[in-house]
file work17.txt (compact mmCIF, C-alpha atoms)
# COMPACT_ATOMS: atom_id res chain seq x y z
CA MET B 1 81.93 58.67 14.15
CA ILE B 2 84.11 59.30 11.15
CA PRO B 3 82.74 56.83 8.59
CA GLU B 4 84.77 53.66 8.15
CA THR B 5 87.05 54.04 5.13
CA GLN B 6 89.16 51.80 2.96
CA ASN B 7 92.45 53.45 3.91
CA LEU B 8 94.11 55.68 6.45
CA GLU B 9 94.55 58.54 3.98
CA SER B 10 90.81 59.13 3.70
CA PHE B 11 90.42 58.84 7.50
CA LEU B 12 93.08 61.52 7.97
CA ARG B 13 91.43 63.79 5.39
CA SER B 14 88.12 63.49 7.24
CA ALA B 15 89.85 64.26 10.53
CA VAL B 16 91.50 67.38 9.09
CA SER B 17 88.19 68.62 7.70
CA LEU B 18 86.35 68.09 10.98
CA VAL B 19 88.93 69.67 13.25
CA ASP B 20 89.52 72.63 10.91
CA GLU B 21 85.80 73.36 10.86
CA LYS B 22 85.72 73.21 14.67
CA LEU B 23 88.79 75.43 15.01
CA ASP B 24 87.29 77.97 12.62
CA GLN B 25 84.23 78.17 14.88
CA ILE B 26 86.34 78.60 18.01
CA VAL B 27 89.00 81.12 16.99
CA PRO B 28 87.89 84.75 16.40
CA ALA B 29 87.95 85.99 12.81
CA GLU B 30 90.87 88.10 11.59
CA THR B 31 88.66 91.19 11.64
CA VAL B 32 87.87 90.89 15.37
CA GLU B 33 89.97 93.24 17.50
CA PRO B 34 92.80 92.97 18.30
CA ALA B 35 92.92 92.03 14.63
CA ASP B 36 96.70 91.65 14.36
CA LEU B 37 96.68 89.10 17.19
CA HIS B 38 93.87 87.09 15.62
CA ARG B 39 95.62 87.19 12.23
CA ALA B 40 98.75 85.79 13.89
CA ILE B 41 96.77 83.00 15.57
CA ARG B 42 95.04 82.02 12.34
CA HIS B 43 98.25 82.26 10.33
CA SER B 44 99.82 79.58 12.51
CA LEU B 45 96.74 77.48 13.15
CA PHE B 46 95.58 77.19 9.52
CA ALA B 47 98.98 76.93 7.85
CA GLY B 48 98.35 73.38 6.65
CA GLY B 49 99.43 71.14 9.52
CA LYS B 50 98.88 67.39 9.28
CA ARG B 51 96.56 67.41 12.34
CA PHE B 52 98.05 64.10 13.47
CA ARG B 53 97.20 64.54 17.15
CA PRO B 54 93.51 65.37 16.56
CA ALA B 55 93.28 62.45 14.13
CA PHE B 56 94.75 60.23 16.84
CA VAL B 57 92.07 61.50 19.25
CA PHE B 58 89.39 60.42 16.76
CA ALA B 59 91.08 57.07 16.10
CA VAL B 60 91.34 56.14 19.77
CA GLY B 61 87.87 57.44 20.62
CA ASN B 62 86.26 55.61 17.69
CA THR B 63 88.13 52.43 18.65
CA PHE B 64 86.35 52.53 22.00
CA GLY B 65 82.97 53.40 20.50
CA VAL B 66 82.77 57.16 21.10
CA GLU B 67 80.85 59.21 18.55
CA THR B 68 83.00 61.82 16.87
CA LYS B 69 81.01 64.87 18.02
CA LYS B 70 81.96 64.07 21.63
CA LEU B 71 85.65 64.14 20.62
CA LEU B 72 85.65 67.38 18.60
CA SER B 73 86.36 69.84 21.41
CA LEU B 74 89.18 67.67 22.73
CA ALA B 75 90.67 67.30 19.25
CA ALA B 76 90.55 71.07 18.71
CA ALA B 77 92.06 71.77 22.12
CA ILE B 78 94.93 69.35 21.49
CA GLU B 79 95.68 71.01 18.13
CA MET B 80 95.63 74.49 19.67
CA ILE B 81 98.11 73.42 22.34
CA HIS B 82 100.31 71.77 19.72
CA THR B 83 100.26 74.90 17.54
CA TYR B 84 101.04 77.17 20.50
CA SER B 85 104.03 74.98 21.28
CA LEU B 86 105.28 75.32 17.69
CA ILE B 87 104.92 79.11 17.74
CA HIS B 88 106.97 79.34 20.93
CA ASP B 89 109.45 76.64 19.84
CA ASP B 90 110.31 78.70 16.74
CA LEU B 91 111.08 81.89 18.71
CA PRO B 92 114.61 83.37 18.57
CA SER B 93 115.12 82.53 22.26
CA MET B 94 114.33 78.86 21.58
CA ASP B 95 114.97 77.09 18.24
CA ASP B 96 115.06 80.35 16.23
CA ASP B 97 113.45 79.14 13.02
CA ASP B 98 111.85 81.12 10.20
CA LEU B 99 109.83 78.38 8.49
CA ARG B 100 106.97 76.25 9.81
CA ARG B 101 104.40 74.22 7.87
CA GLY B 102 105.82 75.73 4.68
CA HIS B 103 105.14 79.33 5.76
CA GLU B 104 106.90 82.10 7.62
CA THR B 105 106.96 81.43 11.34
CA CYS B 106 104.64 83.54 13.45
CA HIS B 107 107.33 85.80 14.92
CA VAL B 108 108.88 86.44 11.50
CA LYS B 109 105.57 87.58 10.02
CA PHE B 110 104.00 89.35 13.01
CA GLY B 111 106.83 90.16 15.41
CA GLU B 112 108.10 88.35 18.47
CA ALA B 113 105.75 89.92 21.03
CA THR B 114 102.63 89.14 18.97
CA ALA B 115 103.83 85.58 18.40
CA ILE B 116 104.28 85.04 22.13
CA LEU B 117 100.78 86.34 22.79
CA ALA B 118 99.33 84.24 19.96
CA GLY B 119 100.77 81.14 21.62
CA ASP B 120 99.49 82.26 25.03
CA ALA B 121 96.02 82.78 23.59
CA LEU B 122 95.88 79.38 21.91
CA GLU B 123 96.90 77.62 25.10
CA THR B 124 94.27 79.35 27.23
CA ILE B 125 91.48 79.03 24.64
CA ALA B 126 92.18 75.29 24.56
CA PHE B 127 91.32 74.93 28.25
CA GLN B 128 88.27 77.15 27.85
CA VAL B 129 87.01 74.85 25.10
CA LEU B 130 87.47 71.78 27.32
CA ALA B 131 85.75 73.45 30.28
CA GLU B 132 82.73 74.51 28.20
CA ASP B 133 82.15 71.27 26.27
CA GLU B 134 78.47 70.60 26.95
CA ASP B 135 78.59 67.22 25.20
CA LEU B 136 80.51 65.87 28.21
CA THR B 137 79.68 65.61 31.89
CA ALA B 138 81.29 67.99 34.36
CA GLU B 139 83.25 65.10 35.86
CA ILE B 140 84.73 64.10 32.50
CA ARG B 141 85.58 67.74 31.70
CA VAL B 142 87.52 68.10 34.94
CA ARG B 143 89.42 64.87 34.24
CA LEU B 144 90.27 66.07 30.74
CA ILE B 145 91.52 69.45 31.93
CA SER B 146 93.75 67.73 34.48
CA GLU B 147 95.02 65.18 31.95
CA VAL B 148 95.81 67.74 29.26
CA ALA B 149 97.46 70.12 31.72
CA ARG B 150 99.78 67.37 32.98
CA GLY B 151 100.67 66.36 29.43
CA ALA B 152 101.43 69.93 28.36
CA GLY B 153 103.30 71.04 31.48
CA THR B 154 105.87 69.74 33.94
CA PRO B 155 107.59 67.71 35.34
CA THR B 156 107.19 65.02 32.66
CA GLY B 157 105.15 66.84 30.03
CA MET B 158 105.82 68.74 26.83
CA VAL B 159 107.17 71.95 28.37
CA ALA B 160 109.58 70.07 30.61
CA GLY B 161 110.81 68.09 27.61
CA GLN B 162 111.33 71.29 25.62
CA HIS B 163 113.34 72.81 28.45
CA VAL B 164 115.65 69.82 28.84
CA ASP B 165 116.05 69.65 25.05
CA LEU B 166 117.26 73.26 24.96
CA GLU B 167 119.54 72.77 27.94
CA SER B 168 121.10 69.71 26.27
CA GLU B 169 122.18 71.47 23.06
CA GLY B 170 125.90 71.06 22.45
CA LYS B 171 126.29 68.67 25.39
CA ASP B 172 127.07 64.96 25.58
CA ILE B 173 124.00 63.13 26.81
CA SER B 174 123.14 59.44 26.96
CA VAL B 175 120.64 57.76 24.68
CA GLU B 176 118.52 57.16 27.81
CA GLU B 177 118.47 60.90 28.45
CA LEU B 178 117.55 61.51 24.81
CA GLU B 179 114.61 59.15 25.09
CA LYS B 180 113.47 60.88 28.28
CA ILE B 181 113.54 64.26 26.50
CA HIS B 182 111.40 63.02 23.65
CA ARG B 183 108.92 61.10 25.76
CA GLY B 184 108.18 64.56 27.14
CA LYS B 185 108.73 67.01 24.29
CA THR B 186 107.10 64.97 21.53
CA GLY B 187 105.51 62.00 23.26
CA ALA B 188 103.54 63.68 26.03
CA MET B 189 100.87 65.28 23.84
CA ILE B 190 100.57 62.15 21.68
CA ARG B 191 100.12 60.15 24.86
CA VAL B 192 97.56 62.57 26.28
CA SER B 193 95.61 62.54 22.99
CA ALA B 194 95.05 58.82 23.48
CA ARG B 195 94.43 58.92 27.22
CA ALA B 196 91.98 61.82 27.00
CA ALA B 197 89.98 60.13 24.24
CA ALA B 198 89.89 56.96 26.36
CA ILE B 199 88.70 58.98 29.36
CA ILE B 200 85.77 60.27 27.28
CA ALA B 201 85.03 56.64 26.41
CA GLU B 202 85.11 55.79 30.14
CA VAL B 203 87.25 52.74 29.48
CA SER B 204 88.43 50.32 32.14
CA GLU B 205 91.76 50.85 33.89
CA LYS B 206 93.11 47.88 31.95
CA ASP B 207 92.25 49.48 28.61
CA LEU B 208 93.52 52.88 29.76
CA GLU B 209 96.85 51.31 30.68
CA ALA B 210 97.01 49.48 27.33
CA ILE B 211 96.26 52.55 25.21
CA THR B 212 98.75 54.57 27.26
CA LYS B 213 101.47 52.03 26.51
CA PHE B 214 100.59 52.01 22.82
CA ALA B 215 100.60 55.82 22.61
CA SER B 216 103.89 56.10 24.52
CA ASN B 217 105.61 53.81 22.05
CA LEU B 218 103.94 55.60 19.13
CA GLY B 219 105.26 58.94 20.39
CA LEU B 220 108.78 57.56 20.56
CA LEU B 221 108.42 56.14 17.05
CA PHE B 222 107.22 59.55 15.85
CA GLN B 223 110.36 61.25 17.19
CA ILE B 224 112.75 58.63 15.81
CA THR B 225 111.28 59.05 12.33
CA ASP B 226 111.31 62.84 12.79
CA ASP B 227 115.03 62.71 13.49
CA LEU B 228 115.53 60.64 10.34
CA LEU B 229 113.51 63.04 8.21
CA ASP B 230 115.53 66.00 9.47
CA VAL B 231 118.67 64.60 7.84
CA THR B 232 117.19 62.80 4.82
CA GLN B 233 114.52 65.18 3.48
CA THR B 234 114.59 68.69 2.03
CA THR B 235 113.17 71.85 3.54
CA GLU B 236 110.53 71.89 0.77
CA VAL B 237 109.30 68.41 1.67
CA LEU B 238 109.36 68.98 5.43
CA GLY B 239 107.84 72.46 5.43
CA LYS B 240 110.43 73.44 8.05
CA THR B 241 114.19 73.95 7.98
CA ALA B 242 115.91 70.65 7.21
CA GLY B 243 119.12 69.86 9.05
CA LYS B 244 118.25 72.22 11.89
CA ASP B 245 119.04 69.64 14.58
CA VAL B 246 122.62 69.35 13.36
CA LEU B 247 123.04 73.13 13.18
CA SER B 248 121.67 73.47 16.72
CA GLU B 249 123.98 70.71 17.98
CA LYS B 250 121.06 68.68 19.27
CA ALA B 251 121.46 65.06 20.23
CA THR B 252 119.43 62.92 17.83
CA TYR B 253 118.95 59.24 17.15
CA PRO B 254 121.02 59.37 13.94
CA SER B 255 123.85 61.00 15.91
CA PHE B 256 123.85 57.97 18.21
CA TYR B 257 123.04 55.15 15.79
CA GLY B 258 123.70 56.47 12.28
CA LEU B 259 121.03 56.33 9.57
CA ASP B 260 120.89 52.53 9.17
CA GLY B 261 120.92 51.97 12.92
CA THR B 262 118.16 54.53 13.42
CA ARG B 263 116.01 52.88 10.75
CA LYS B 264 116.47 49.54 12.52
CA LEU B 265 115.55 51.17 15.84
CA ALA B 266 112.41 52.62 14.27
CA GLU B 267 111.42 49.16 13.03
CA LYS B 268 112.01 47.69 16.49
CA VAL B 269 109.90 50.37 18.22
CA HIS B 270 107.22 49.91 15.55
CA ARG B 271 107.01 46.18 16.34
CA GLU B 272 106.73 46.96 20.06
CA THR B 273 104.03 49.53 19.34
CA ILE B 274 101.97 47.08 17.26
CA ALA B 275 102.40 44.33 19.85
CA GLY B 276 100.73 46.55 22.43
CA LEU B 277 97.47 46.44 20.48
CA GLU B 278 97.04 42.77 21.42
CA GLU B 279 96.07 43.95 24.91
CA ILE B 280 93.06 45.90 23.58
CA GLU B 281 89.97 43.79 22.96
CA LYS B 282 88.51 46.12 20.34
CA PRO B 283 88.92 46.48 16.57
CA THR B 284 92.31 48.21 16.32
CA GLU B 285 92.92 48.27 12.57
CA ILE B 286 92.97 52.08 12.42
CA LEU B 287 95.51 52.26 15.26
CA ARG B 288 97.72 49.70 13.52
CA SER B 289 97.49 51.75 10.30
CA ILE B 290 98.57 54.87 12.18
CA ALA B 291 101.66 53.10 13.52
CA ASP B 292 102.50 51.94 9.98
CA TYR B 293 102.00 55.48 8.70
CA ILE B 294 104.40 56.92 11.29
CA LEU B 295 107.07 54.38 10.40
CA ASP B 296 106.83 55.13 6.68
CA ARG B 297 106.05 58.88 6.68
CA ARG B 298 108.00 61.25 4.44
CA ASN B 299 107.25 64.58 6.13
call {"tool": "encode", "arguments": {"input": "work17.txt", "output": "structure tokens"}}
result
Amino acid sequence: MIPETQNLESFLRSAVSLVDEKLDQIVPAETVEPADLHRAIRHSLFAGGKRFRPAFVFAVGNTFGVETKKLLSLAAAIEMIHTYSLIHDDLPSMDDDDLRRGHETCHVKFGEATAILAGDALETIAFQVLAEDEDLTAEIRVRLISEVARGAGTPTGMVAGQHVDLESEGKDISVEELEKIHRGKTGAMIRVSARAAAIIAEVSEKDLEAITKFASNLGLLFQITDDLLDVTQTTEVLGKTAGKDVLSEKATYPSFYGLDGTRKLAEKVHRETIAGLEEIEKPTEILRSIADYILDRRN
């Protein structure tokens, strides 16, 4: 396990170090042919992301007593799927952005075709890593592949959420529809990070249901604070184009509630998220700290 630490910051640093080392082992070096494709993959993957989803994998797994080495492949796979989604999300045919994680987006630096293929490669390598994880039983591997595929795909996963988000640009939608979009686009892979780690831990159905509820609320909290940051922080702080949601005519929580109302909503969802931990009969201090971190984050 990641050693117990005095604060969340040191836990997150340890998580970043572990998952980056694992990713470096998995992804071919820039000199391996086709070199331009591998350079594009590494450019996006090692551009300095926060690695929140892998850290959440470790936090949930450790909460249920799983040693970290049994979570590494899952954590790496989740990060590869997340990064592929960012590469594709930034494409001209989608959100058309030129900055991600403080660097040029993949298609700007390497061309649109190479960026598409880099995303394709990351997604498929992720499932290869899960299938070949010899630290887990074959039964657990199959469950993980199924769980991650559902979270990343359709009808209620990340890809479905991205599609509805794009289709909703410039349209009047309800706040219920907005929440549905983000429980897919943003929330699905946060939810699957928790569920997959719990599957490795072979938790009871009661605990699986409890951690799913916690992660679902955490994913919603993540998006609400993301919407706030988009209109209150600078491009330099965010590492991506600030104010892009407004320019793209996306429905956001501030567009429904205003800044003060959105902050109050974030606090309400945070309380609901924390309350869900009472259903888990394990030490949950690290999970509580993560919820606090999401509420107060600045980028």
call {"tool": "atom_distance", "arguments": {"input": "work17.txt", "atom1": "CA of Thr105 (chain B)", "atom2": "CA of Ser44 (chain B)"}}
result
7.5 Å
call {"tool": "atom_distance", "arguments": {"input": "work17.txt", "atom1": "CA of Asp292 (chain B)", "atom2": "CA of Ala76 (chain B)"}}
result
24.2 Å
call {"tool": "closest_residue", "arguments": {"input": "work17.txt", "among": "B:Leu220, B:Ile26, B:Cys106, B:Ala121", "to": "Leu72 (chain B)", "atoms": "all atoms listed in the file"}}
result
B:Ile26
call {"tool": "atom_distance", "arguments": {"input": "work17.txt", "atom1": "CA of Val108 (chain B)", "atom2": "CA of Gly157 (chain B)"}}
result
27.2 Å
call {"tool": "closest_residue", "arguments": {"input": "work17.txt", "among": "B:Ala210, B:Ala118, B:Leu166, B:Ile145", "to": "Asp133 (chain B)", "atoms": "all atoms listed in the file"}}
result
B:Ile145
call {"tool": "closest_atom_pairs", "arguments": {"input": "work17.txt", "of": "region 79-127 of chain B", "to": "region 234-254 of chain B", "cutoff": "8 Å", "atoms": "all atoms listed in the file", "output": "CSV"}}
result
residue,atom,partner,partner_atom,distance
B:Asp95,CA,B:Ser248,CA,7.8
B:Asp97,CA,B:Thr241,CA,7.3
B:Asp98,CA,B:Thr241,CA,7.9
B:Leu99,CA,B:Lys240,CA,5.0
B:Arg100,CA,B:Lys240,CA,4.8
B:Arg101,CA,B:Gly239,CA,4.6
B:Gly102,CA,B:Gly239,CA,3.9
B:His103,CA,B:Gly239,CA,7.4
call {"tool": "residues_around", "arguments": {"input": "work17.txt", "residues": "Gly219 (chain B)", "least_positions_apart": "6", "cutoff": "7 Å", "atoms": "all atoms listed in the file", "output": "NGL selection string"}}
result
:B and (183 or 186-187 or 190-191)
call {"tool": "residues_around", "arguments": {"input": "work17.txt", "residues": "Arg143 (chain B)", "least_positions_apart": "3", "cutoff": "10 Å", "atoms": "all atoms listed in the file", "output": "list of chain:residue names"}}
result
B:Leu130, B:Ala138, B:Glu139, B:Ile140, B:Ser146, B:Glu147, B:Val148, B:Ala149, B:Ala196, B:Ile199, B:Ile200
call {"tool": "closest_residue", "arguments": {"input": "work17.txt", "among": "B:Leu221, B:Val32, B:Ala113, B:Ile280", "to": "Glu179 (chain B)", "atoms": "all atoms listed in the file"}}
result
B:Leu221
call {"tool": "closest_residue", "arguments": {"input": "work17.txt", "among": "B:Thr273, B:Thr156, B:Ser93, B:Asn299", "to": "Ile211 (chain B)", "atoms": "only C-alpha atoms"}}
result
B:Thr273
call {"tool": "residues_around", "arguments": {"input": "work17.txt", "residues": "Val192 (chain B)", "least_positions_apart": "6", "cutoff": "10 Å", "atoms": "all atoms listed in the file", "output": "list in words"}}
result
Arg53, Val57, Ile78, Leu144, Glu147, Val148, Ala149, Arg150, Gly151, Ala152, Gly157, Ala198, Thr212, Ala215 and Ser216 of chain B
call {"tool": "residues_around", "arguments": {"input": "work17.txt", "residues": "region 259-266 of chain B", "least_positions_apart": "6", "cutoff": "10 Å", "atoms": "only C-alpha atoms", "output": "short mmCIF file (atom, residue, chain, number, x, y, z; two decimals) with C-alpha atoms, keeping the file's coordinate frame"}}
result
data_model
loop_
_atom_site.label_atom_id
_atom_site.label_comp_id
_atom_site.auth_asym_id
_atom_site.auth_seq_id
_atom_site.Cartn_x
_atom_site.Cartn_y
_atom_site.Cartn_z
CA LEU B 220 108.78 57.56 20.56
CA LEU B 221 108.42 56.14 17.05
CA PHE B 222 107.22 59.55 15.85
CA GLN B 223 110.36 61.25 17.19
CA ILE B 224 112.75 58.63 15.81
CA THR B 225 111.28 59.05 12.33
CA ASP B 227 115.03 62.71 13.49
CA LEU B 228 115.53 60.64 10.34
CA VAL B 231 118.67 64.60 7.84
CA THR B 232 117.19 62.80 4.82
CA THR B 252 119.43 62.92 17.83
CA TYR B 253 118.95 59.24 17.15
CA GLU B 272 106.73 46.96 20.06
CA ILE B 294 104.40 56.92 11.29
CA LEU B 295 107.07 54.38 10.40
CA ASP B 296 106.83 55.13 6.68
#
call {"tool": "closest_residue", "arguments": {"input": "work17.txt", "among": "B:Asp96, B:Asp24, B:Glu278, B:Glu33", "to": "Met80 (chain B)", "atoms": "only C-alpha atoms"}}
result
B:Asp24
call {"tool": "closest_residue", "arguments": {"input": "work17.txt", "among": "B:Asp36, B:Thr68, B:Arg271, B:Leu218", "to": "Met189 (chain B)", "atoms": "only C-alpha atoms"}}
result
B:Leu218
call {"tool": "residues_around", "arguments": {"input": "work17.txt", "residues": "Leu8 (chain B)", "least_positions_apart": "4", "cutoff": "9 Å", "atoms": "only C-alpha atoms", "output": "mmCIF file with C-alpha atoms, in the frame of the given file"}}
result
data_model
loop_
_atom_site.group_PDB
_atom_site.id
_atom_site.type_symbol
_atom_site.label_atom_id
_atom_site.label_comp_id
_atom_site.auth_asym_id
_atom_site.auth_seq_id
_atom_site.Cartn_x
_atom_site.Cartn_y
_atom_site.Cartn_z
ATOM 1 C CA LEU B 12 93.080 61.520 7.970
ATOM 2 C CA ARG B 13 91.430 63.790 5.390
ATOM 3 C CA ILE B 286 92.970 52.080 12.420
ATOM 4 C CA SER B 289 97.490 51.750 10.300
ATOM 5 C CA ILE B 290 98.570 54.870 12.180
ATOM 6 C CA TYR B 293 102.000 55.480 8.700
#
